[in-house]
>>> print(open('coords-v5.tsv').read())   # TSV, C-alpha atoms and all ligand atoms
chain	number	residue	atom	x	y	z
A	152	MET	CA	16.98	5.30	9.04
A	153	ARG	CA	13.63	3.92	7.92
A	154	ARG	CA	13.06	3.33	4.27
A	155	LYS	CA	10.87	5.96	2.57
A	156	ILE	CA	8.81	4.89	-0.38
A	157	ILE	CA	6.18	6.20	-2.78
A	158	VAL	CA	3.80	3.64	-4.28
A	159	ALA	CA	1.41	4.21	-7.17
A	160	ASN	CA	-1.86	2.31	-7.19
A	161	TRP	CA	-3.23	2.61	-10.69
A	162	LYS	CA	-6.39	0.67	-9.70
A	163	MET	CA	-8.47	-0.44	-12.74
A	164	ASN	CA	-7.15	2.26	-15.05
A	165	THR	CA	-5.09	2.41	-18.27
A	166	SER	CA	-5.07	0.42	-21.50
A	167	LEU	CA	-1.76	-1.29	-22.25
A	168	ASP	CA	-0.69	1.59	-24.54
A	169	GLU	CA	-1.54	4.15	-21.88
A	170	ALA	CA	0.40	2.14	-19.32
A	171	ILE	CA	3.48	1.96	-21.56
A	172	ASN	CA	3.39	5.72	-22.15
A	173	LEU	CA	2.94	6.43	-18.46
A	174	ILE	CA	5.90	4.25	-17.48
A	175	ILE	CA	8.10	5.82	-20.17
A	176	ASP	CA	7.13	9.31	-18.95
A	177	ILE	CA	7.85	8.33	-15.33
A	178	LYS	CA	11.27	6.94	-16.32
A	179	ASN	CA	12.07	10.18	-18.13
A	180	LEU	CA	11.21	12.28	-15.09
A	181	ILE	CA	12.24	10.20	-12.09
A	182	GLY	CA	15.98	10.96	-12.15
A	183	ASP	CA	17.82	9.02	-9.45
A	184	ASP	CA	14.74	8.47	-7.31
A	185	TYR	CA	12.75	5.29	-6.79
A	186	ALA	CA	9.04	4.49	-6.89
A	187	VAL	CA	6.82	1.43	-6.96
A	188	LEU	CA	4.09	1.09	-9.59
A	189	CYS	CA	1.20	-1.25	-8.76
A	190	VAL	CA	-0.28	-1.81	-12.19
A	191	PRO	CA	-3.21	-3.95	-13.39
A	192	TYR	CA	-2.42	-7.67	-13.71
A	193	THR	CA	-2.57	-7.55	-17.51
A	194	HIS	CA	0.22	-4.97	-17.64
A	195	LEU	CA	2.62	-6.66	-15.23
A	196	GLY	CA	4.81	-8.39	-17.83
A	197	THR	CA	5.23	-5.26	-19.94
A	198	ALA	CA	5.77	-3.09	-16.88
A	199	GLN	CA	8.44	-5.46	-15.63
A	200	GLU	CA	10.23	-5.31	-18.99
A	201	LEU	CA	10.12	-1.50	-19.05
A	202	ALA	CA	11.16	-1.05	-15.44
A	203	ASP	CA	14.76	-0.44	-14.44
A	204	ASP	CA	16.29	-0.32	-10.98
A	205	ARG	CA	14.50	2.96	-10.25
A	206	ILE	CA	11.09	1.35	-10.58
A	207	GLY	CA	9.65	-1.52	-8.56
A	208	ILE	CA	6.62	-3.31	-9.93
A	209	GLY	CA	3.69	-4.44	-7.81
A	210	ALA	CA	0.31	-6.08	-8.24
A	211	GLN	CA	-2.89	-4.82	-6.63
A	212	ASN	CA	-4.18	-8.13	-5.30
A	213	LEU	CA	-3.53	-11.87	-5.18
A	214	CYS	CA	-5.55	-14.98	-4.41
A	215	SER	CA	-5.85	-16.18	-0.81
A	216	ARG	CA	-5.25	-19.79	-1.96
A	217	GLU	CA	-1.97	-21.18	-3.18
A	218	GLU	CA	-3.02	-22.80	-6.46
A	219	GLY	CA	-5.64	-25.03	-7.99
A	220	ALA	CA	-9.19	-24.87	-9.30
A	221	TYR	CA	-9.93	-21.19	-8.65
A	222	THR	CA	-10.96	-19.96	-12.10
A	223	GLY	CA	-9.91	-16.42	-12.85
A	224	GLU	CA	-7.68	-15.99	-9.82
A	225	ILE	CA	-4.00	-14.99	-9.75
A	226	SER	CA	-1.63	-16.72	-7.34
A	227	GLY	CA	1.37	-15.42	-5.44
A	228	LYS	CA	3.51	-17.89	-7.35
A	229	MET	CA	2.34	-16.43	-10.67
A	230	LEU	CA	3.20	-12.91	-9.53
A	231	ALA	CA	6.61	-13.95	-8.26
A	232	SER	CA	7.35	-15.66	-11.58
A	233	PHE	CA	6.91	-12.28	-13.34
A	234	GLY	CA	9.54	-10.74	-11.09
A	235	VAL	CA	6.88	-8.74	-9.27
A	236	GLU	CA	8.23	-7.48	-5.93
A	237	TYR	CA	5.21	-5.94	-4.22
A	238	VAL	CA	1.52	-6.65	-3.83
A	239	ILE	CA	-1.23	-4.53	-2.29
A	240	VAL	CA	-3.32	-6.54	0.17
A	241	GLY	CA	-6.58	-5.56	1.84
A	242	HIS	CA	-7.30	-2.34	-0.01
A	243	SER	CA	-10.60	-0.86	1.21
A	244	GLU	CA	-12.01	-1.16	-2.32
A	245	ARG	CA	-11.43	-4.93	-2.15
A	246	ARG	CA	-13.00	-5.05	1.30
A	247	LYS	CA	-16.02	-3.04	0.10
A	248	TYR	CA	-16.71	-4.33	-3.43
A	249	PHE	CA	-15.36	-7.87	-3.13
A	250	SER	CA	-16.26	-8.59	0.52
A	251	GLU	CA	-12.71	-9.33	1.65
A	252	ASN	CA	-12.43	-9.72	5.39
A	253	ASN	CA	-9.46	-9.79	7.76
A	254	THR	CA	-9.26	-13.60	7.53
A	255	ASP	CA	-8.91	-13.46	3.73
A	256	ILE	CA	-6.38	-10.67	4.07
A	257	ASN	CA	-4.35	-12.68	6.58
A	258	ALA	CA	-4.29	-15.64	4.16
A	259	LYS	CA	-3.19	-13.36	1.31
A	260	LEU	CA	-0.39	-11.89	3.40
A	261	LYS	CA	0.89	-15.38	4.19
A	262	ILE	CA	0.85	-16.38	0.51
A	263	ALA	CA	2.63	-13.16	-0.49
A	264	ILE	CA	5.36	-13.68	2.11
A	265	LYS	CA	5.77	-17.34	1.15
A	266	ASN	CA	6.45	-16.22	-2.41
A	267	ASP	CA	8.95	-13.53	-1.38
A	268	LEU	CA	6.63	-10.68	-2.31
A	269	SER	CA	6.49	-7.56	-0.13
A	270	PRO	CA	2.85	-7.12	0.80
A	271	ILE	CA	1.52	-3.59	1.26
A	272	LEU	CA	-1.17	-4.07	3.89
A	273	CYS	CA	-3.92	-1.45	3.77
A	274	PHE	CA	-6.15	-0.56	6.69
A	275	GLY	CA	-8.27	2.42	7.65
A	276	GLU	CA	-11.59	3.53	9.05
A	277	SER	CA	-14.80	4.75	7.43
A	278	LEU	CA	-16.15	8.24	8.02
A	279	GLU	CA	-18.83	6.83	10.28
A	280	GLN	CA	-16.23	5.06	12.42
A	281	ARG	CA	-14.14	8.23	12.63
A	282	ASP	CA	-17.16	10.30	13.64
A	283	LYS	CA	-18.07	7.74	16.30
A	284	GLY	CA	-14.58	8.11	17.74
A	285	ASN	CA	-13.70	4.38	17.86
A	286	TYR	CA	-11.44	4.41	14.81
A	287	LEU	CA	-8.29	3.41	16.67
A	288	GLU	CA	-10.05	0.29	17.97
A	289	ILE	CA	-11.17	-0.56	14.41
A	290	ILE	CA	-7.63	-0.10	13.11
A	291	LYS	CA	-6.19	-2.23	15.92
A	292	THR	CA	-8.53	-5.08	14.98
A	293	GLN	CA	-7.80	-4.74	11.26
A	294	VAL	CA	-4.04	-4.77	11.78
A	295	GLU	CA	-3.94	-7.51	14.41
A	296	GLU	CA	-6.29	-9.84	12.54
A	297	ALA	CA	-4.45	-9.28	9.26
A	298	LEU	CA	-1.11	-10.04	10.92
A	299	GLN	CA	-2.36	-13.09	12.85
A	300	ASP	CA	0.36	-15.80	13.15
A	301	LEU	CA	2.98	-13.70	11.36
A	302	ASN	CA	6.33	-13.67	13.14
A	303	ALA	CA	8.92	-10.91	13.25
A	304	GLN	CA	10.77	-12.36	10.26
A	305	ASP	CA	7.52	-12.38	8.23
A	306	LEU	CA	6.74	-8.84	9.23
A	307	SER	CA	10.11	-7.53	8.11
A	308	SER	CA	8.94	-7.72	4.47
A	309	VAL	CA	5.54	-6.10	5.14
A	310	ILE	CA	4.79	-2.46	4.36
A	311	LEU	CA	1.80	-0.93	6.15
A	312	ALA	CA	-0.50	1.64	4.56
A	313	TYR	CA	-3.00	3.73	6.49
A	314	GLU	CA	-5.78	4.68	4.11
A	315	PRO	CA	-8.78	6.32	5.78
A	316	ILE	CA	-11.71	5.37	3.56
A	317	TRP	CA	-13.17	8.88	3.77
A	318	ALA	CA	-9.99	10.29	2.20
A	319	ILE	CA	-9.78	7.91	-0.78
A	320	GLY	CA	-10.68	9.54	-4.09
A	321	THR	CA	-12.61	12.28	-2.29
A	322	GLY	CA	-10.08	15.09	-2.42
A	323	GLN	CA	-10.44	15.26	1.37
A	324	THR	CA	-6.97	14.34	2.67
A	325	ALA	CA	-6.50	13.49	6.32
A	326	SER	CA	-4.64	16.35	7.99
A	327	PRO	CA	-0.98	15.56	8.66
A	328	GLN	CA	-1.84	15.45	12.38
A	329	GLN	CA	-4.74	13.03	11.86
A	330	ALA	CA	-2.50	10.71	9.83
A	331	GLN	CA	0.41	11.03	12.27
A	332	GLU	CA	-1.87	10.06	15.20
A	333	VAL	CA	-2.77	6.77	13.50
A	334	HIS	CA	0.80	6.07	12.36
A	335	VAL	CA	2.09	6.52	15.92
A	336	PHE	CA	-0.70	4.30	17.23
A	337	VAL	CA	0.10	1.50	14.76
A	338	ARG	CA	3.83	1.76	15.35
A	339	LYS	CA	3.17	1.39	19.10
A	340	LEU	CA	0.98	-1.64	18.39
A	341	ILE	CA	3.83	-3.26	16.43
A	342	SER	CA	6.21	-2.39	19.25
A	343	GLU	CA	3.97	-4.08	21.84
A	344	ASN	CA	3.11	-7.12	19.71
A	345	TYR	CA	6.59	-7.63	18.23
A	346	SER	CA	9.46	-5.40	19.31
A	347	PRO	CA	10.46	-1.73	19.47
A	348	GLU	CA	13.20	-2.46	16.89
A	349	LEU	CA	10.72	-3.83	14.38
A	350	ALA	CA	8.28	-0.98	15.06
A	351	ASN	CA	11.04	1.49	14.39
A	352	LYS	CA	11.99	-0.25	11.14
A	353	ILE	CA	8.56	-0.89	9.63
A	354	CYS	CA	7.51	1.42	6.82
A	355	ILE	CA	4.04	2.99	7.29
A	356	LEU	CA	2.62	4.79	4.26
A	357	TYR	CA	-0.30	7.18	4.13
A	358	GLY	CA	-2.87	6.99	1.33
A	359	GLY	CA	-5.93	9.09	0.52
A	360	SER	CA	-6.02	12.05	-1.88
A	361	VAL	CA	-2.26	12.59	-1.80
A	362	LYS	CA	-1.33	15.22	-4.40
A	363	SER	CA	1.74	17.29	-5.18
A	364	SER	CA	0.09	20.19	-3.36
A	365	ASN	CA	-0.23	18.38	-0.02
A	366	ALA	CA	2.56	15.77	-0.14
A	367	LYS	CA	5.33	17.87	1.44
A	368	GLU	CA	3.19	18.77	4.43
A	369	ILE	CA	2.19	15.13	5.00
A	370	PHE	CA	5.78	13.87	4.68
A	371	LYS	CA	6.95	16.29	7.38
A	372	GLU	CA	5.35	14.04	10.01
A	373	LYS	CA	8.00	11.80	11.45
A	374	ASP	CA	6.03	8.55	11.41
A	375	ILE	CA	4.82	8.91	7.81
A	376	ASP	CA	7.27	7.02	5.61
A	377	GLY	CA	5.77	7.72	2.21
A	378	ALA	CA	2.51	7.45	0.33
A	379	LEU	CA	0.20	5.12	-1.53
A	380	VAL	CA	-1.09	7.29	-4.34
A	381	GLY	CA	-4.20	6.61	-6.42
A	382	GLY	CA	-5.58	9.25	-8.79
A	383	ALA	CA	-2.48	11.46	-8.79
A	384	SER	CA	-0.29	8.53	-9.87
A	385	LEU	CA	-1.95	8.41	-13.30
A	386	ASN	CA	-0.26	11.64	-14.33
A	387	ALA	CA	3.51	11.28	-14.65
A	388	SER	CA	4.52	14.84	-13.78
A	389	GLU	CA	2.12	15.03	-10.84
A	390	PHE	CA	3.28	11.65	-9.56
A	391	ILE	CA	6.95	12.56	-9.87
A	392	LYS	CA	6.37	15.76	-7.89
A	393	ILE	CA	5.11	13.53	-5.06
A	394	VAL	CA	8.11	11.20	-5.44
A	395	LYS	CA	10.43	14.23	-5.21
A	396	ALA	CA	8.60	15.58	-2.12
A	397	ILE	CA	9.69	12.73	0.12
B	401	LIG	P1	-6.53	8.43	-4.14
B	401	LIG	O1	-5.11	8.91	-4.07
B	401	LIG	O2	-7.13	8.53	-5.49
B	401	LIG	O3	-7.37	9.08	-3.06
B	401	LIG	O4	-6.50	6.86	-3.79
B	401	LIG	C1	-5.81	6.43	-2.68
B	401	LIG	C2	-5.74	4.97	-2.72
B	401	LIG	O5	-6.73	4.27	-2.59
B	401	LIG	C3	-4.42	4.34	-2.96
B	401	LIG	O6	-4.46	2.97	-2.74
>>> encode(input="coords-v5.tsv", output="structure tokens")
Amino acid sequence: MRRKIIVANWKMNTSLDEAINLIIDIKNLIGDDYAVLCVPYTHLGTAQELADDRIGIGAQNLCSREEGAYTGEISGKMLASFGVEYVIVGHSERRKYFSENNTDINAKLKIAIKNDLSPILCFGESLEQRDKGNYLEIIKTQVEEALQDLNAQDLSSVILAYEPIWAIGTGQTASPQQAQEVHVFVRKLISENYSPELANKICILYGGSVKSSNAKEIFKEKDIDGALVGGASLNASEFIKIVKAI
């Protein structure tokens, strides 16, 4: 059985007090389930202290270099030293606003793996690419370039996340069938480039306007192993409904 997982991406939201309250509310509602919270860097230490074994803590980014004179950057080693377990890599907002390309993303993945972090690798097409019909080609390039030089052992700690850009923060979710098509395509790619066993084991999340009202329907698809949730993860009861829908 593949692991199913729900990951919150808080993006650049919450003051420290708001973050503390949100985590406390999530702990009160989560029961015996598990979720990952990718919180802003400044909240990582507090989040880690508040978390118990039902909550994994993740960062939203890391530097593509190991350490040194890179003012303002955060290294994989720093994240690992907080006890952080996960890190989002290659989110489309980083690609768009901070010009990250597949080479940077590949370097970040390698640093994350070296520091025993589980990277959550995001990929996905724009609306224009979807309308043109070449989105699977775009996704193939994103995934293959991001995973360049990674071996099967490396890949066993990677979580994949399909996030069509046109579905992020727009309220326009991909239909379960649209998401499933891409998940099957990427799983096949992993099977061809690595092995059928690894492809069957790797966790592929969907992200883009996931809400409690559409989560169940999305999770019915057999290649969708959970969700990366933005806006809806900032409300504890809404987020927990998604966690319980898996
Ligand atoms: P929304 O759930 O707000 O659409 O964001 C998705 C996302 O970007 C998660 O990383």
>>> closest_residue(input="coords-v5.tsv", among="A:Ser346, A:Thr165, A:Asn160, A:Gln211", to="ligand LIG 401 (chain B)", atoms="all atoms listed in the file")
A:Asn160
>>> residues_around(input="coords-v5.tsv", residues="Gly241 in chain A", least_positions_apart="6", cutoff="12 Å", atoms="only C-alpha atoms", output="PyMOL selection string")
chain A and resi 211-215+247-260+270-275+293-294+296-298+311-314
>>> closest_residue(input="coords-v5.tsv", among="A:Glu218, A:Asp282, A:Glu244, A:Asp184", to="ligand LIG 401 (chain B)", atoms="all atoms listed in the file")
A:Glu244
>>> residues_near_ligand(input="coords-v5.tsv", ligand="ligand LIG 401 (chain B)", cutoff="9 Å", atoms="all atoms listed in the file", output="JSON, numbers by chain")
{"A": [158, 159, 160, 161, 162, 211, 239, 242, 243, 244, 273, 312, 314, 315, 316, 317, 318, 319, 320, 321, 322, 323, 324, 357, 358, 359, 360, 361, 362, 378, 379, 380, 381, 382, 383, 384]}
>>> residues_around(input="coords-v5.tsv", residues="Val187 in chain A", least_positions_apart="6", cutoff="12 Å", atoms="all atoms listed in the file", output="PyMOL selection string")
chain A and resi 155-161+174+177-178+181+198-199+202-211+235-239+269+271+377-380+384+390-391+394
>>> atom_distance(input="coords-v5.tsv", atom1="CA of Leu356 in chain A", atom2="CA of Ala231 in chain A")
22.9 Å
>>> residues_around(input="coords-v5.tsv", residues="Ile341 in chain A", least_positions_apart="2", cutoff="10 Å", atoms="all atoms listed in the file", output="ChimeraX atom specification")
/A:294-295,303,306,335-339,343-351,353
>>> atom_distance(input="coords-v5.tsv", atom1="CA of Arg281 in chain A", atom2="CA of Asp300 in chain A")
28.1 Å
>>> atom_distance(input="coords-v5.tsv", atom1="CA of Lys395 in chain A", atom2="CA of Leu201 in chain A")
21.0 Å
>>> residues_near_point(input="coords-v5.tsv", point="(2.0, 12.0, 15.8)", cutoff="12 Å", atoms="all atoms listed in the file", output="number ranges by chain")
A: 326-339, 369-375
>>> closest_residue(input="coords-v5.tsv", among="A:Ser363, A:Lys261, A:Cys354, A:Gln299", to="Asn386 in chain A", atoms="only C-alpha atoms")
A:Ser363
>>> closest_residue(input="coords-v5.tsv", among="A:Glu217, A:Asn365, A:Lys352, A:Ile289", to="Arg153 in chain A", atoms="only C-alpha atoms")
A:Lys352
>>> residues_around(input="coords-v5.tsv", residues="Thr193 in chain A", least_positions_apart="2", cutoff="10 Å", atoms="all atoms listed in the file", output="PyMOL selection string")
chain A and resi 166-167+190-191+195-198+210
>>> closest_residue(input="coords-v5.tsv", among="A:Lys392, A:His194, A:Ile310, A:Tyr185", to="Ile171 in chain A", atoms="only C-alpha atoms")
A:His194
>>> closest_residue(input="coords-v5.tsv", among="A:Leu385, A:Leu301, A:Met229, A:Leu268", to="Glu169 in chain A", atoms="all atoms listed in the file")
A:Leu385
>>> axis_aligned_box(input="coords-v5.tsv", around="range 257-276 of chain A", padding_each_side="3 Å", output="JSON")
{"center_x": -1.3, "center_y": -6.9, "center_z": 3.3, "size_x": 26.5, "size_y": 26.9, "size_z": 17.5}
>>> decode(input="coords-v5.tsv", residues="range 231-243 of chain A", atoms="all heavy atoms", output="PDB file, in the first residue's frame")
ATOM      1  N   ALA A 231      17.543  20.750   8.689  1.00  0.00           N
ATOM      2  CA  ALA A 231      17.670  19.438   9.346  1.00  0.00           C
ATOM      3  C   ALA A 231      17.957  19.615  10.831  1.00  0.00           C
ATOM      4  O   ALA A 231      17.467  18.855  11.665  1.00  0.00           O
ATOM      5  CB  ALA A 231      18.763  18.628   8.666  1.00  0.00           C
ATOM      6  N   SER A 232      18.719  20.654  11.178  1.00  0.00           N
ATOM      7  CA  SER A 232      19.087  20.848  12.579  1.00  0.00           C
ATOM      8  C   SER A 232      17.898  21.280  13.437  1.00  0.00           C
ATOM      9  O   SER A 232      17.946  21.219  14.654  1.00  0.00           O
ATOM     10  CB  SER A 232      20.242  21.846  12.710  1.00  0.00           C
ATOM     11  OG  SER A 232      19.814  23.135  12.343  1.00  0.00           O
ATOM     12  N   PHE A 233      16.815  21.736  12.801  1.00  0.00           N
ATOM     13  CA  PHE A 233      15.571  22.050  13.524  1.00  0.00           C
ATOM     14  C   PHE A 233      14.712  20.809  13.721  1.00  0.00           C
ATOM     15  O   PHE A 233      13.667  20.868  14.356  1.00  0.00           O
ATOM     16  CB  PHE A 233      14.709  23.010  12.690  1.00  0.00           C
ATOM     17  CG  PHE A 233      14.907  24.461  12.994  1.00  0.00           C
ATOM     18  CD1 PHE A 233      15.597  25.268  12.121  1.00  0.00           C
ATOM     19  CD2 PHE A 233      14.358  25.028  14.133  1.00  0.00           C
ATOM     20  CE1 PHE A 233      15.756  26.614  12.376  1.00  0.00           C
ATOM     21  CE2 PHE A 233      14.511  26.375  14.401  1.00  0.00           C
ATOM     22  CZ  PHE A 233      15.218  27.173  13.517  1.00  0.00           C
ATOM     23  N   GLY A 234      15.091  19.716  13.078  1.00  0.00           N
ATOM     24  CA  GLY A 234      14.236  18.526  13.119  1.00  0.00           C
ATOM     25  C   GLY A 234      13.172  18.554  12.036  1.00  0.00           C
ATOM     26  O   GLY A 234      12.216  17.778  12.075  1.00  0.00           O
ATOM     27  N   VAL A 235      13.342  19.464  11.069  1.00  0.00           N
ATOM     28  CA  VAL A 235      12.394  19.536   9.950  1.00  0.00           C
ATOM     29  C   VAL A 235      12.525  18.261   9.116  1.00  0.00           C
ATOM     30  O   VAL A 235      13.625  17.781   8.872  1.00  0.00           O
ATOM     31  CB  VAL A 235      12.724  20.784   9.086  1.00  0.00           C
ATOM     32  CG1 VAL A 235      11.992  20.761   7.755  1.00  0.00           C
ATOM     33  CG2 VAL A 235      12.397  22.049   9.871  1.00  0.00           C
ATOM     34  N   GLU A 236      11.383  17.695   8.708  1.00  0.00           N
ATOM     35  CA  GLU A 236      11.428  16.437   7.946  1.00  0.00           C
ATOM     36  C   GLU A 236      11.190  16.618   6.454  1.00  0.00           C
ATOM     37  O   GLU A 236      11.615  15.795   5.649  1.00  0.00           O
ATOM     38  CB  GLU A 236      10.323  15.494   8.450  1.00  0.00           C
ATOM     39  CG  GLU A 236      10.541  14.913   9.824  1.00  0.00           C
ATOM     40  CD  GLU A 236       9.324  14.110  10.232  1.00  0.00           C
ATOM     41  OE1 GLU A 236       9.219  12.951   9.826  1.00  0.00           O
ATOM     42  OE2 GLU A 236       8.468  14.667  10.964  1.00  0.00           O
ATOM     43  N   TYR A 237      10.449  17.658   6.092  1.00  0.00           N
ATOM     44  CA  TYR A 237      10.038  17.829   4.693  1.00  0.00           C
ATOM     45  C   TYR A 237      10.434  19.212   4.186  1.00  0.00           C
ATOM     46  O   TYR A 237      10.569  20.150   4.971  1.00  0.00           O
ATOM     47  CB  TYR A 237       8.506  17.711   4.572  1.00  0.00           C
ATOM     48  CG  TYR A 237       7.951  16.403   5.068  1.00  0.00           C
ATOM     49  CD1 TYR A 237       7.615  16.233   6.409  1.00  0.00           C
ATOM     50  CD2 TYR A 237       7.763  15.330   4.200  1.00  0.00           C
ATOM     51  CE1 TYR A 237       7.098  15.029   6.880  1.00  0.00           C
ATOM     52  CE2 TYR A 237       7.253  14.126   4.651  1.00  0.00           C
ATOM     53  CZ  TYR A 237       6.921  13.984   5.989  1.00  0.00           C
ATOM     54  OH  TYR A 237       6.418  12.792   6.446  1.00  0.00           O
ATOM     55  N   VAL A 238      10.563  19.321   2.862  1.00  0.00           N
ATOM     56  CA  VAL A 238      10.769  20.645   2.289  1.00  0.00           C
ATOM     57  C   VAL A 238      10.162  20.675   0.882  1.00  0.00           C
ATOM     58  O   VAL A 238      10.373  19.760   0.091  1.00  0.00           O
ATOM     59  CB  VAL A 238      12.270  21.047   2.291  1.00  0.00           C
ATOM     60  CG1 VAL A 238      13.153  20.086   1.497  1.00  0.00           C
ATOM     61  CG2 VAL A 238      12.449  22.469   1.777  1.00  0.00           C
ATOM     62  N   ILE A 239       9.371  21.714   0.634  1.00  0.00           N
ATOM     63  CA  ILE A 239       8.791  21.888  -0.707  1.00  0.00           C
ATOM     64  C   ILE A 239       9.891  22.415  -1.624  1.00  0.00           C
ATOM     65  O   ILE A 239      10.637  23.329  -1.258  1.00  0.00           O
ATOM     66  CB  ILE A 239       7.602  22.880  -0.655  1.00  0.00           C
ATOM     67  CG1 ILE A 239       6.474  22.321   0.215  1.00  0.00           C
ATOM     68  CG2 ILE A 239       7.104  23.190  -2.063  1.00  0.00           C
ATOM     69  CD1 ILE A 239       5.336  23.310   0.471  1.00  0.00           C
ATOM     70  N   VAL A 240       9.983  21.836  -2.807  1.00  0.00           N
ATOM     71  CA  VAL A 240      11.003  22.260  -3.779  1.00  0.00           C
ATOM     72  C   VAL A 240      10.325  22.499  -5.122  1.00  0.00           C
ATOM     73  O   VAL A 240       9.514  21.679  -5.572  1.00  0.00           O
ATOM     74  CB  VAL A 240      12.105  21.173  -3.923  1.00  0.00           C
ATOM     75  CG1 VAL A 240      13.109  21.565  -5.002  1.00  0.00           C
ATOM     76  CG2 VAL A 240      12.835  20.954  -2.597  1.00  0.00           C
ATOM     77  N   GLY A 241      10.642  23.640  -5.737  1.00  0.00           N
ATOM     78  CA  GLY A 241      10.163  23.900  -7.097  1.00  0.00           C
ATOM     79  C   GLY A 241       8.710  24.303  -7.200  1.00  0.00           C
ATOM     80  O   GLY A 241       8.071  24.110  -8.241  1.00  0.00           O
ATOM     81  N   HIS A 242       8.180  24.910  -6.138  1.00  0.00           N
ATOM     82  CA  HIS A 242       6.797  25.392  -6.239  1.00  0.00           C
ATOM     83  C   HIS A 242       6.691  26.400  -7.389  1.00  0.00           C
ATOM     84  O   HIS A 242       7.618  27.173  -7.630  1.00  0.00           O
ATOM     85  CB  HIS A 242       6.382  26.038  -4.906  1.00  0.00           C
ATOM     86  CG  HIS A 242       4.907  26.258  -4.826  1.00  0.00           C
ATOM     87  ND1 HIS A 242       4.284  27.294  -5.471  1.00  0.00           N
ATOM     88  CD2 HIS A 242       3.921  25.558  -4.211  1.00  0.00           C
ATOM     89  CE1 HIS A 242       2.977  27.222  -5.243  1.00  0.00           C
ATOM     90  NE2 HIS A 242       2.738  26.173  -4.485  1.00  0.00           N
ATOM     91  N   SER A 243       5.558  26.409  -8.069  1.00  0.00           N
ATOM     92  CA  SER A 243       5.424  27.302  -9.244  1.00  0.00           C
ATOM     93  C   SER A 243       5.560  28.772  -8.860  1.00  0.00           C
ATOM     94  O   SER A 243       5.972  29.600  -9.681  1.00  0.00           O
ATOM     95  CB  SER A 243       4.095  27.062  -9.954  1.00  0.00           C
ATOM     96  OG  SER A 243       3.029  27.354  -9.082  1.00  0.00           O
TER      97      SER A 243
END
